[in-house]
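Student: Supplied in structure tokens, the structure appears directly below.
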Amino acid sequence: MPLQGLARLIAVTAVSLLLSGCYYAHVARGQSELVLRQRSVEKVVADPVTDQKLAGRLELSQQARRFASRELGLPDNRSYTRYVDLHRPYVVWNVFATPRYSVEAVRHCFPVAGCVAYRGYFDEAKARAEAARLKAGGDDVYVGGVSAYSTLGWFADPILSSMLRWDDDELAGTIFHELAHQLIYVKDDSAFNESFASFVQEQGLREWRTSRGLPPQDGEAQAMDDAFTQLVLDLRDRLKKRYAGGGDEAAMEAGKQREIADFRQRYEVWRDQGWPKQHRYDAWVAAPINNARLLPFGLYDQWKPAFAALFCQGGGQWPVFYAGVRRLGQLPKSQRDQALKRLAAGADVARRGD
């Protein structure tokens with residue numbers, strides 16, 4: 001997963017957070033702040049005091065917004081037509097947690113969004129205080145900043161200043177991704193939702209670039225991201241097997257640290273053999289690693305090949321594709337996973353045949 005993807009992790013929908021008891025005051029205040037501080041993108045661009053670089057990025061966002069509805073069949077509403085300057089790097093901070101000797105997330109369940117592997121806070125200090133509380137209780141924890149999140153259409157989601165931190169493709173792609181969540185969302189299945197939205201983002205970007213006369217994106221960066229994600233998923237699998245083997249706490253901790261040390265060695269070999277001039281993941285690998293820090297990886301990627309196959313089956317027609325996604329979403333999760341596995345396997349066979 002790209003490093004910017006780590007910072008665009010989808011937060012739990014604000015509506016669900018509003019309904020979750022003691023969480024109410026903090027999240028209600030955070031969401032209300034966004035609503036009250038919104039300004040029409042059109043007015044921000046027209047304002048003579050607006051920085052011209054910001055105005056240009058916002059104009060681009062509106063072109064992408066119109067393309068999303070007109071060409072990709074995504075919701076045509078007021079979302080991403082207004083702007084909020086956050087005056088902070090992220091809109092939300094997500095807190096991930098796992099038991100110390102497990103790679104399974106501590107899950108949080110909400111009425112609308114269902115169960116997810118994190119809890120979001122509009123205030124970084126509150127997020128870190130919650131992480132400290134969980135860590136004191138023995139859990140592994142990780143706090144990740146979020147640049148954008150979807151309220152699944154319950155609110156008109158704005159363009160956030162945190163969404164403007166990266167290049168034009170990332171800005172347009174984020175809009176496509178978030179609108180895809182508004183179109184189709186299945187409770188209690190984060191991998192399905194994120195893989196679907198990520199496919200829409202990537203395929204949408206291909207069509208967006210073509211419409212603007214731009215060449216295809218450089219595939220090398222994506223290939224490196226995919227390969228690094230697989231390295232991290234391999235570490236998670238190794239830790240899962242290690243924990244399943246049992247033992248006393250000292251043995252479990254020693255085994256955990258050995259696996260993490262081995263991962264760092266495998267990373268160096270992988271980087272030096274395949275990507276000798278690239279060091280984009282060095283800082284991530286060098287920082288402390290625990291179970292919770294591994295949770296976001298794979299969330300966005302697991303079913304992308306299956307959705308790509310479904311898109312091809314529908315002749316590349318977005319309405320046909322969305323109808324197929326909705327049918328999958330209506331299946332019980334076990335059946336849905338099996339159908340996705342069949343789609344992915346079929347795509348793999350066809351690719352090898354080429």
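How things are named: the first chain in the structure tokens is A, the next is B, and so on; residues count from 1 in each chain; ligands count from 1 in the order shown.
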Just the residues within 7 Å of stretch 69-79 of chain A, please, counting only C-alpha atoms, with nothing from its chain fewer than 3 positions along; format it as number ranges by chain.
Tutor: A: 65-66, 156-158, 179-180, 183, 204, 318-319
Student: Could you dump the residues just selected with N, CA, C and O atoms as a PDB file, in the first residue's frame?
Tutor:
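Here's the written file result-v5.pdb:
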ATOM      1  N   ARG A  65     -14.543  16.079  -9.873  1.00  0.00           N
ATOM      2  CA  ARG A  65     -15.857  15.814  -9.273  1.00  0.00           C
ATOM      3  C   ARG A  65     -16.919  15.631 -10.353  1.00  0.00           C
ATOM      4  O   ARG A  65     -17.745  14.704 -10.278  1.00  0.00           O
ATOM      5  N   ARG A  66     -16.918  16.488 -11.370  1.00  0.00           N
ATOM      6  CA  ARG A  66     -17.888  16.362 -12.459  1.00  0.00           C
ATOM      7  C   ARG A  66     -17.636  15.099 -13.275  1.00  0.00           C
ATOM      8  O   ARG A  66     -18.586  14.399 -13.674  1.00  0.00           O
ATOM      9  N   ALA A 156     -22.816  16.121   3.218  1.00  0.00           N
ATOM     10  CA  ALA A 156     -22.119  16.488   1.988  1.00  0.00           C
ATOM     11  C   ALA A 156     -20.641  16.638   2.333  1.00  0.00           C
ATOM     12  O   ALA A 156     -20.217  17.656   2.874  1.00  0.00           O
ATOM     13  N   ASP A 157     -19.859  15.605   2.062  1.00  0.00           N
ATOM     14  CA  ASP A 157     -18.445  15.611   2.439  1.00  0.00           C
ATOM     15  C   ASP A 157     -17.686  16.687   1.663  1.00  0.00           C
ATOM     16  O   ASP A 157     -17.849  16.814   0.455  1.00  0.00           O
ATOM     17  N   PRO A 158     -16.852  17.466   2.344  1.00  0.00           N
ATOM     18  CA  PRO A 158     -16.123  18.555   1.677  1.00  0.00           C
ATOM     19  C   PRO A 158     -14.741  18.136   1.185  1.00  0.00           C
ATOM     20  O   PRO A 158     -14.193  17.116   1.591  1.00  0.00           O
ATOM     21  N   LEU A 179     -16.418   8.787  -3.081  1.00  0.00           N
ATOM     22  CA  LEU A 179     -17.748   8.716  -3.685  1.00  0.00           C
ATOM     23  C   LEU A 179     -18.176   7.261  -3.918  1.00  0.00           C
ATOM     24  O   LEU A 179     -19.368   6.945  -3.850  1.00  0.00           O
ATOM     25  N   ALA A 180     -17.200   6.393  -4.173  1.00  0.00           N
ATOM     26  CA  ALA A 180     -17.534   4.972  -4.322  1.00  0.00           C
ATOM     27  C   ALA A 180     -18.122   4.422  -3.026  1.00  0.00           C
ATOM     28  O   ALA A 180     -19.042   3.604  -3.047  1.00  0.00           O
ATOM     29  N   LEU A 183     -21.682   5.229  -2.871  1.00  0.00           N
ATOM     30  CA  LEU A 183     -22.504   4.459  -3.806  1.00  0.00           C
ATOM     31  C   LEU A 183     -22.824   3.070  -3.278  1.00  0.00           C
ATOM     32  O   LEU A 183     -23.984   2.628  -3.316  1.00  0.00           O
ATOM     33  N   GLY A 204     -10.844   4.540 -12.328  1.00  0.00           N
ATOM     34  CA  GLY A 204     -11.297   5.898 -12.600  1.00  0.00           C
ATOM     35  C   GLY A 204     -10.144   6.808 -12.995  1.00  0.00           C
ATOM     36  O   GLY A 204     -10.277   7.641 -13.903  1.00  0.00           O
ATOM     37  N   TRP A 318     -19.634   0.842 -16.426  1.00  0.00           N
ATOM     38  CA  TRP A 318     -19.791   1.094 -15.004  1.00  0.00           C
ATOM     39  C   TRP A 318     -21.147   0.668 -14.441  1.00  0.00           C
ATOM     40  O   TRP A 318     -21.187   0.044 -13.365  1.00  0.00           O
ATOM     41  N   PRO A 319     -22.279   0.935 -15.096  1.00  0.00           N
ATOM     42  CA  PRO A 319     -23.559   0.490 -14.518  1.00  0.00           C
ATOM     43  C   PRO A 319     -23.639  -1.024 -14.349  1.00  0.00           C
ATOM     44  O   PRO A 319     -24.172  -1.520 -13.348  1.00  0.00           O
TER      45      PRO A 319
END
Student: Can you check which residues of stretch 206-351 of chain A DSSP gives as alpha helix (DSSP H) on the backbone and send them as a PyMOL selection string?
Tutor: chain A and resi 206-211+219-244+249-274+282-286+304-313+318-329+333-351
Student: A:Phe263: which residues within 7 Å, counting only C-alpha atoms, same-chain residues fewer than 4 positions away excluded, as a PyMOL selection string?
Tutor: chain A and resi 235+259+267
Student: Could you take the residues named above and write them with all heavy atoms, as a CSV table (one decimal), in the first residue's frame?
Tutor:
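Generated output (result-v2.csv):
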chain,number,residue,atom,x,y,z
A,235,LEU,N,4.9,-11.0,6.8
A,235,LEU,CA,5.2,-10.9,8.2
A,235,LEU,C,4.0,-11.2,9.1
A,235,LEU,O,4.1,-11.9,10.1
A,235,LEU,CB,5.8,-9.5,8.5
A,235,LEU,CG,5.9,-9.1,10.0
A,235,LEU,CD1,6.9,-10.1,10.7
A,235,LEU,CD2,6.4,-7.7,10.2
A,259,GLU,N,10.8,-12.6,14.5
A,259,GLU,CA,10.0,-12.4,13.2
A,259,GLU,C,10.2,-11.0,12.7
A,259,GLU,O,10.4,-10.8,11.5
A,259,GLU,CB,8.6,-12.8,13.4
A,259,GLU,CG,8.3,-14.2,13.6
A,259,GLU,CD,8.7,-15.2,12.5
A,259,GLU,OE1,9.0,-14.6,11.4
A,259,GLU,OE2,8.6,-16.4,12.6
A,267,TYR,N,13.5,-7.3,4.1
A,267,TYR,CA,13.2,-6.1,3.4
A,267,TYR,C,14.5,-5.5,2.7
A,267,TYR,O,14.4,-5.1,1.6
A,267,TYR,CB,12.7,-5.0,4.4
A,267,TYR,CG,12.7,-3.6,3.8
A,267,TYR,CD1,11.7,-3.2,2.9
A,267,TYR,CD2,13.7,-2.7,4.2
A,267,TYR,CE1,11.8,-2.0,2.3
A,267,TYR,CE2,13.7,-1.4,3.6
A,267,TYR,CZ,12.7,-1.1,2.7
A,267,TYR,OH,12.8,0.2,2.2
Student: Within 12 Å of stretch 331-351 of chain A, which residues of stretch 183-248 of chain A come that close, and what is the closest atom pair and distance in Å for each? Count only C-alpha atoms and give it as a tab-separated table.
Tutor:
residue	atom	partner	partner_atom	distance
A:Val186	CA	A:Lys333	CA	9.7
A:Lys187	CA	A:Lys333	CA	10.0
A:Asp188	CA	A:Lys333	CA	8.9
A:Asp189	CA	A:Lys333	CA	7.8
A:Ser190	CA	A:Lys333	CA	11.4
A:Ala191	CA	A:Asp337	CA	10.1
A:Phe192	CA	A:Asp337	CA	8.7
A:Ser195	CA	A:Leu340	CA	11.0
A:Phe196	CA	A:Leu340	CA	11.2
Student: Can I get the selected residues back with N, CA and C atoms, as a PDB file, in the first residue's frame?
Tutor:
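Output below, filename part32.pdb:
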ATOM      1  N   VAL A 186     -21.014  -2.136   2.330  1.00  0.00           N
ATOM      2  CA  VAL A 186     -21.541  -3.342   2.961  1.00  0.00           C
ATOM      3  C   VAL A 186     -21.090  -3.371   4.419  1.00  0.00           C
ATOM      4  N   LYS A 187     -22.031  -3.450   5.321  1.00  0.00           N
ATOM      5  CA  LYS A 187     -21.680  -3.467   6.741  1.00  0.00           C
ATOM      6  C   LYS A 187     -20.792  -4.661   7.079  1.00  0.00           C
ATOM      7  N   ASP A 188     -19.861  -4.441   7.984  1.00  0.00           N
ATOM      8  CA  ASP A 188     -19.024  -5.491   8.564  1.00  0.00           C
ATOM      9  C   ASP A 188     -18.080  -6.149   7.561  1.00  0.00           C
ATOM     10  N   ASP A 189     -17.724  -5.469   6.480  1.00  0.00           N
ATOM     11  CA  ASP A 189     -16.816  -6.073   5.504  1.00  0.00           C
ATOM     12  C   ASP A 189     -15.881  -4.997   4.953  1.00  0.00           C
ATOM     13  N   SER A 190     -14.914  -4.598   5.771  1.00  0.00           N
ATOM     14  CA  SER A 190     -13.990  -3.532   5.389  1.00  0.00           C
ATOM     15  C   SER A 190     -13.179  -3.898   4.151  1.00  0.00           C
ATOM     16  N   ALA A 191     -12.735  -5.145   4.044  1.00  0.00           N
ATOM     17  CA  ALA A 191     -11.912  -5.539   2.902  1.00  0.00           C
ATOM     18  C   ALA A 191     -12.697  -5.396   1.600  1.00  0.00           C
ATOM     19  N   PHE A 192     -13.969  -5.789   1.612  1.00  0.00           N
ATOM     20  CA  PHE A 192     -14.825  -5.652   0.432  1.00  0.00           C
ATOM     21  C   PHE A 192     -14.976  -4.174   0.077  1.00  0.00           C
ATOM     22  N   SER A 195     -11.515  -2.517  -0.991  1.00  0.00           N
ATOM     23  CA  SER A 195     -11.027  -3.032  -2.271  1.00  0.00           C
ATOM     24  C   SER A 195     -11.882  -2.508  -3.423  1.00  0.00           C
ATOM     25  N   PHE A 196     -13.200  -2.467  -3.212  1.00  0.00           N
ATOM     26  CA  PHE A 196     -14.102  -1.919  -4.233  1.00  0.00           C
ATOM     27  C   PHE A 196     -13.764  -0.458  -4.505  1.00  0.00           C
TER      28      PHE A 196
END
Student: So that I can see what lies close to A:Leu239, please list as number ranges by chain the residues with an atom at most 12 Å from it, counting only C-alpha atoms and leaving out residues fewer than 2 positions away in the same chain.
Tutor: A: 100-104, 232-237, 241-246, 252-263, 289-292, 294
Student: Would you mind exporting the chosen residues as a compact mmCIF listing (two decimals), in the first residue's frame, restricted to N, CA, C and O atoms?
Tutor:
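As written to disk, result_14.txt reads:
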# COMPACT_ATOMS: atom_id res chain seq x y z
N ARG A 100 -1.55 -8.33 22.42
CA ARG A 100 -0.09 -8.31 22.26
C ARG A 100 0.41 -9.49 21.43
O ARG A 100 1.39 -9.37 20.69
N TYR A 101 -0.27 -10.63 21.53
CA TYR A 101 0.17 -11.81 20.78
C TYR A 101 -0.94 -12.31 19.87
O TYR A 101 -1.36 -13.45 19.90
N SER A 102 -1.42 -11.40 19.03
CA SER A 102 -2.43 -11.70 18.02
C SER A 102 -2.34 -10.65 16.93
O SER A 102 -1.98 -9.50 17.19
N VAL A 103 -2.66 -11.06 15.71
CA VAL A 103 -2.72 -10.09 14.61
C VAL A 103 -4.17 -9.72 14.29
O VAL A 103 -4.44 -9.04 13.29
N GLU A 104 -5.11 -10.15 15.12
CA GLU A 104 -6.53 -9.83 14.92
C GLU A 104 -6.84 -8.51 15.62
O GLU A 104 -6.50 -8.30 16.78
N VAL A 232 4.86 -7.17 3.97
CA VAL A 232 4.25 -6.92 5.28
C VAL A 232 3.20 -7.98 5.58
O VAL A 232 3.11 -8.48 6.71
N LEU A 233 2.41 -8.36 4.59
CA LEU A 233 1.40 -9.40 4.81
C LEU A 233 2.06 -10.74 5.16
O LEU A 233 1.53 -11.52 5.96
N ASP A 234 3.23 -10.98 4.55
CA ASP A 234 3.97 -12.19 4.88
C ASP A 234 4.41 -12.17 6.35
O ASP A 234 4.32 -13.18 7.06
N LEU A 235 4.86 -11.01 6.82
CA LEU A 235 5.21 -10.88 8.24
C LEU A 235 4.00 -11.15 9.11
O LEU A 235 4.10 -11.86 10.12
N ARG A 236 2.86 -10.61 8.73
CA ARG A 236 1.65 -10.83 9.53
C ARG A 236 1.29 -12.31 9.59
O ARG A 236 0.92 -12.83 10.64
N ASP A 237 1.42 -13.00 8.47
CA ASP A 237 1.14 -14.44 8.44
C ASP A 237 2.12 -15.21 9.33
O ASP A 237 1.74 -16.15 10.03
N LYS A 241 1.16 -17.47 12.72
CA LYS A 241 1.56 -18.85 12.95
C LYS A 241 2.38 -18.97 14.24
O LYS A 241 2.23 -19.94 15.00
N ARG A 242 3.24 -18.00 14.47
CA ARG A 242 4.06 -18.00 15.68
C ARG A 242 3.18 -17.96 16.92
O ARG A 242 3.37 -18.72 17.87
N TYR A 243 2.18 -17.08 16.94
CA TYR A 243 1.30 -16.97 18.10
C TYR A 243 0.45 -18.22 18.28
O TYR A 243 0.16 -18.63 19.41
N ALA A 244 0.06 -18.84 17.16
CA ALA A 244 -0.77 -20.05 17.24
C ALA A 244 0.00 -21.20 17.88
O ALA A 244 -0.60 -22.13 18.44
N GLY A 245 1.34 -21.13 17.83
CA GLY A 245 2.15 -22.18 18.42
C GLY A 245 2.17 -22.17 19.94
O GLY A 245 2.61 -23.13 20.57
N GLY A 246 1.71 -21.07 20.53
CA GLY A 246 1.62 -21.00 21.99
C GLY A 246 2.97 -20.84 22.66
O GLY A 246 3.97 -20.48 22.05
N MET A 252 6.85 -16.23 23.62
CA MET A 252 6.05 -15.55 22.60
C MET A 252 6.70 -14.22 22.21
O MET A 252 6.78 -13.87 21.03
N GLU A 253 7.17 -13.48 23.20
CA GLU A 253 7.79 -12.18 22.93
C GLU A 253 9.08 -12.35 22.14
O GLU A 253 9.36 -11.60 21.18
N ALA A 254 9.89 -13.35 22.52
CA ALA A 254 11.13 -13.59 21.80
C ALA A 254 10.85 -13.97 20.34
O ALA A 254 11.53 -13.49 19.42
N GLY A 255 9.85 -14.83 20.13
CA GLY A 255 9.49 -15.22 18.78
C GLY A 255 8.98 -14.04 17.96
O GLY A 255 9.31 -13.90 16.78
N LYS A 256 8.20 -13.21 18.59
CA LYS A 256 7.67 -12.01 17.92
C LYS A 256 8.82 -11.12 17.45
O LYS A 256 8.84 -10.67 16.28
N GLN A 257 9.76 -10.85 18.33
CA GLN A 257 10.86 -9.96 17.98
C GLN A 257 11.77 -10.57 16.92
O GLN A 257 12.31 -9.87 16.07
N ARG A 258 11.92 -11.90 16.94
CA ARG A 258 12.72 -12.56 15.89
C ARG A 258 12.06 -12.39 14.53
O ARG A 258 12.75 -12.13 13.52
N GLU A 259 10.75 -12.56 14.47
CA GLU A 259 10.05 -12.41 13.20
C GLU A 259 10.18 -10.99 12.66
O GLU A 259 10.37 -10.79 11.45
N ILE A 260 10.09 -10.01 13.54
CA ILE A 260 10.22 -8.62 13.11
C ILE A 260 11.64 -8.33 12.63
O ILE A 260 11.85 -7.66 11.60
N ALA A 261 12.64 -8.86 13.34
CA ALA A 261 14.03 -8.68 12.92
C ALA A 261 14.29 -9.35 11.57
O ALA A 261 14.96 -8.79 10.69
N ASP A 262 13.73 -10.56 11.39
CA ASP A 262 13.88 -11.26 10.12
C ASP A 262 13.22 -10.49 8.98
O ASP A 262 13.73 -10.44 7.86
N PHE A 263 12.07 -9.88 9.28
CA PHE A 263 11.38 -9.07 8.27
C PHE A 263 12.27 -7.92 7.80
O PHE A 263 12.36 -7.64 6.59
N ILE A 289 7.85 -1.64 15.13
CA ILE A 289 6.80 -2.43 14.48
C ILE A 289 6.10 -3.28 15.52
O ILE A 289 6.74 -3.92 16.35
N ASN A 290 4.77 -3.27 15.46
CA ASN A 290 4.00 -4.18 16.30
C ASN A 290 2.81 -4.71 15.50
O ASN A 290 2.64 -4.37 14.32
N ASN A 291 2.00 -5.55 16.11
CA ASN A 291 0.88 -6.16 15.39
C ASN A 291 -0.08 -5.11 14.82
O ASN A 291 -0.55 -5.22 13.69
N ALA A 292 -0.40 -4.09 15.62
CA ALA A 292 -1.39 -3.11 15.22
C ALA A 292 -0.93 -2.31 14.00
O ALA A 292 -1.74 -1.91 13.16
N LEU A 294 0.53 -3.33 11.52
CA LEU A 294 0.38 -4.12 10.30
C LEU A 294 -1.05 -4.16 9.80
O LEU A 294 -1.31 -4.57 8.66
Student: So that I can see what lies close to A:Lys43, please list as a PDB file with C-alpha atoms, in the first residue's frame the residues with an atom at most 10 Å from it, counting only C-alpha atoms and leaving out residues fewer than 5 positions away in the same chain.
Tutor:
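Full text of out18.pdb as output:
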ATOM      1  CA  PRO A  48      -9.053  37.559  -4.710  1.00  0.00           C
ATOM      2  CA  THR A  50      -7.067  32.998  -2.311  1.00  0.00           C
ATOM      3  CA  ARG A  82     -17.194  22.810  -0.711  1.00  0.00           C
ATOM      4  CA  TYR A  83     -13.832  23.388   0.985  1.00  0.00           C
TER       5      TYR A  83
END
Student: State, in Å with one decimal place, the distance from atom CA of A:Arg57 to atom CA of A:Leu164.
Tutor: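 Spanning atom CA of A:Arg57 to atom CA of A:Leu164 is a straight-line distance of 7.4 Å.
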Student: Pick the closest to A:Arg29 from A:Asn94, A:Asp51, A:Asp282, A:Asp123: which is it, counting only C-alpha atoms?
Tutor: A:Asp123
Student: If we count only C-alpha atoms and set the cut-off at 8 Å, which residues sit around A:Ser198, ignoring sequence neighbours fewer than 3 positions away in its own chain? Please answer as an MDAnalysis selection string.
Tutor: chainID A and resid 177 194:195 201:202 300:301 304
Student: Keeping only all heavy atoms, write those residues as a JSON list (two decimals), in the first residue's frame.
Tutor:
[["chain", "number", "residue", "atom", "x", "y", "z"],
["A", 177, "HIS", "N", -12.57, 7.58, -4.82],
["A", 177, "HIS", "CA", -12.61, 6.56, -3.77],
["A", 177, "HIS", "C", -13.74, 6.83, -2.78],
["A", 177, "HIS", "O", -14.54, 5.94, -2.46],
["A", 177, "HIS", "CB", -11.25, 6.55, -3.06],
["A", 177, "HIS", "CG", -11.08, 5.46, -2.05],
["A", 177, "HIS", "ND1", -10.21, 4.41, -2.24],
["A", 177, "HIS", "CD2", -11.64, 5.26, -0.83],
["A", 177, "HIS", "CE1", -10.25, 3.61, -1.20],
["A", 177, "HIS", "NE2", -11.11, 4.11, -0.32],
["A", 194, "GLU", "N", -13.22, -1.45, 0.96],
["A", 194, "GLU", "CA", -12.01, -0.73, 0.59],
["A", 194, "GLU", "C", -11.43, -1.22, -0.73],
["A", 194, "GLU", "O", -10.93, -0.43, -1.53],
["A", 194, "GLU", "CB", -10.97, -0.83, 1.70],
["A", 194, "GLU", "CG", -11.39, -0.20, 3.01],
["A", 194, "GLU", "CD", -11.76, 1.26, 2.89],
["A", 194, "GLU", "OE1", -11.43, 1.90, 1.86],
["A", 194, "GLU", "OE2", -12.40, 1.79, 3.81],
["A", 195, "SER", "N", -11.51, -2.52, -0.99],
["A", 195, "SER", "CA", -11.03, -3.03, -2.27],
["A", 195, "SER", "C", -11.88, -2.51, -3.42],
["A", 195, "SER", "O", -11.36, -2.14, -4.49],
["A", 195, "SER", "CB", -11.04, -4.56, -2.26],
["A", 195, "SER", "OG", -10.15, -5.08, -1.31],
["A", 201, "GLN", "N", -11.15, 3.83, -7.71],
["A", 201, "GLN", "CA", -10.15, 4.89, -7.74],
["A", 201, "GLN", "C", -9.14, 4.65, -8.86],
["A", 201, "GLN", "O", -8.85, 5.55, -9.66],
["A", 201, "GLN", "CB", -9.43, 4.95, -6.40],
["A", 201, "GLN", "CG", -8.26, 5.92, -6.38],
["A", 201, "GLN", "CD", -7.54, 5.93, -5.03],
["A", 201, "GLN", "OE1", -8.04, 5.39, -4.06],
["A", 201, "GLN", "NE2", -6.38, 6.56, -4.98],
["A", 202, "GLU", "N", -8.59, 3.45, -8.94],
["A", 202, "GLU", "CA", -7.53, 3.18, -9.90],
["A", 202, "GLU", "C", -8.05, 3.17, -11.34],
["A", 202, "GLU", "O", -7.44, 3.75, -12.24],
["A", 202, "GLU", "CB", -6.84, 1.87, -9.56],
["A", 202, "GLU", "CG", -6.06, 1.95, -8.25],
["A", 202, "GLU", "CD", -5.36, 0.65, -7.89],
["A", 202, "GLU", "OE1", -5.33, -0.26, -8.73],
["A", 202, "GLU", "OE2", -4.84, 0.56, -6.76],
["A", 300, "TYR", "N", -6.89, -2.49, 1.49],
["A", 300, "TYR", "CA", -7.29, -1.85, 0.24],
["A", 300, "TYR", "C", -7.08, -2.75, -0.98],
["A", 300, "TYR", "O", -7.51, -2.40, -2.07],
["A", 300, "TYR", "CB", -6.49, -0.56, 0.04],
["A", 300, "TYR", "CG", -6.86, 0.54, 0.98],
["A", 300, "TYR", "CD1", -6.41, 0.54, 2.30],
["A", 300, "TYR", "CD2", -7.68, 1.59, 0.58],
["A", 300, "TYR", "CE1", -6.75, 1.57, 3.17],
["A", 300, "TYR", "CE2", -8.03, 2.61, 1.45],
["A", 300, "TYR", "CZ", -7.56, 2.58, 2.74],
["A", 300, "TYR", "OH", -7.90, 3.58, 3.61],
["A", 301, "ASP", "N", -6.38, -3.86, -0.80],
["A", 301, "ASP", "CA", -5.90, -4.62, -1.96],
["A", 301, "ASP", "C", -6.49, -6.01, -2.12],
["A", 301, "ASP", "O", -6.44, -6.57, -3.21],
["A", 301, "ASP", "CB", -4.36, -4.78, -1.85],
["A", 301, "ASP", "CG", -3.66, -3.47, -1.58],
["A", 301, "ASP", "OD1", -3.73, -2.58, -2.43],
["A", 301, "ASP", "OD2", -3.05, -3.35, -0.50],
["A", 304, "LYS", "N", -9.08, -6.47, -5.01],
["A", 304, "LYS", "CA", -9.00, -5.66, -6.23],
["A", 304, "LYS", "C", -8.94, -6.53, -7.51],
["A", 304, "LYS", "O", -9.60, -6.18, -8.50],
["A", 304, "LYS", "CB", -7.80, -4.72, -6.17],
["A", 304, "LYS", "CG", -8.07, -3.45, -5.41],
["A", 304, "LYS", "CD", -7.05, -2.36, -5.68],
["A", 304, "LYS", "CE", -5.64, -2.79, -5.47],
["A", 304, "LYS", "NZ", -4.66, -1.68, -5.61]]
Student: So, counting only C-alpha atoms, which residue among A:Ile184, A:Ala28, A:Arg119, A:Gly138 is closest to A:Gln330?
Tutor: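 For A:Gln330, the nearest of the candidates is A:Ile184.
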Student: Within 10 Å of A:Leu134, counting only C-alpha atoms, which residues qualify if same-chain residues fewer than 5 places away don't, as a ChimeraX atom specification?
Tutor: /A:95-99,128-129,139-141
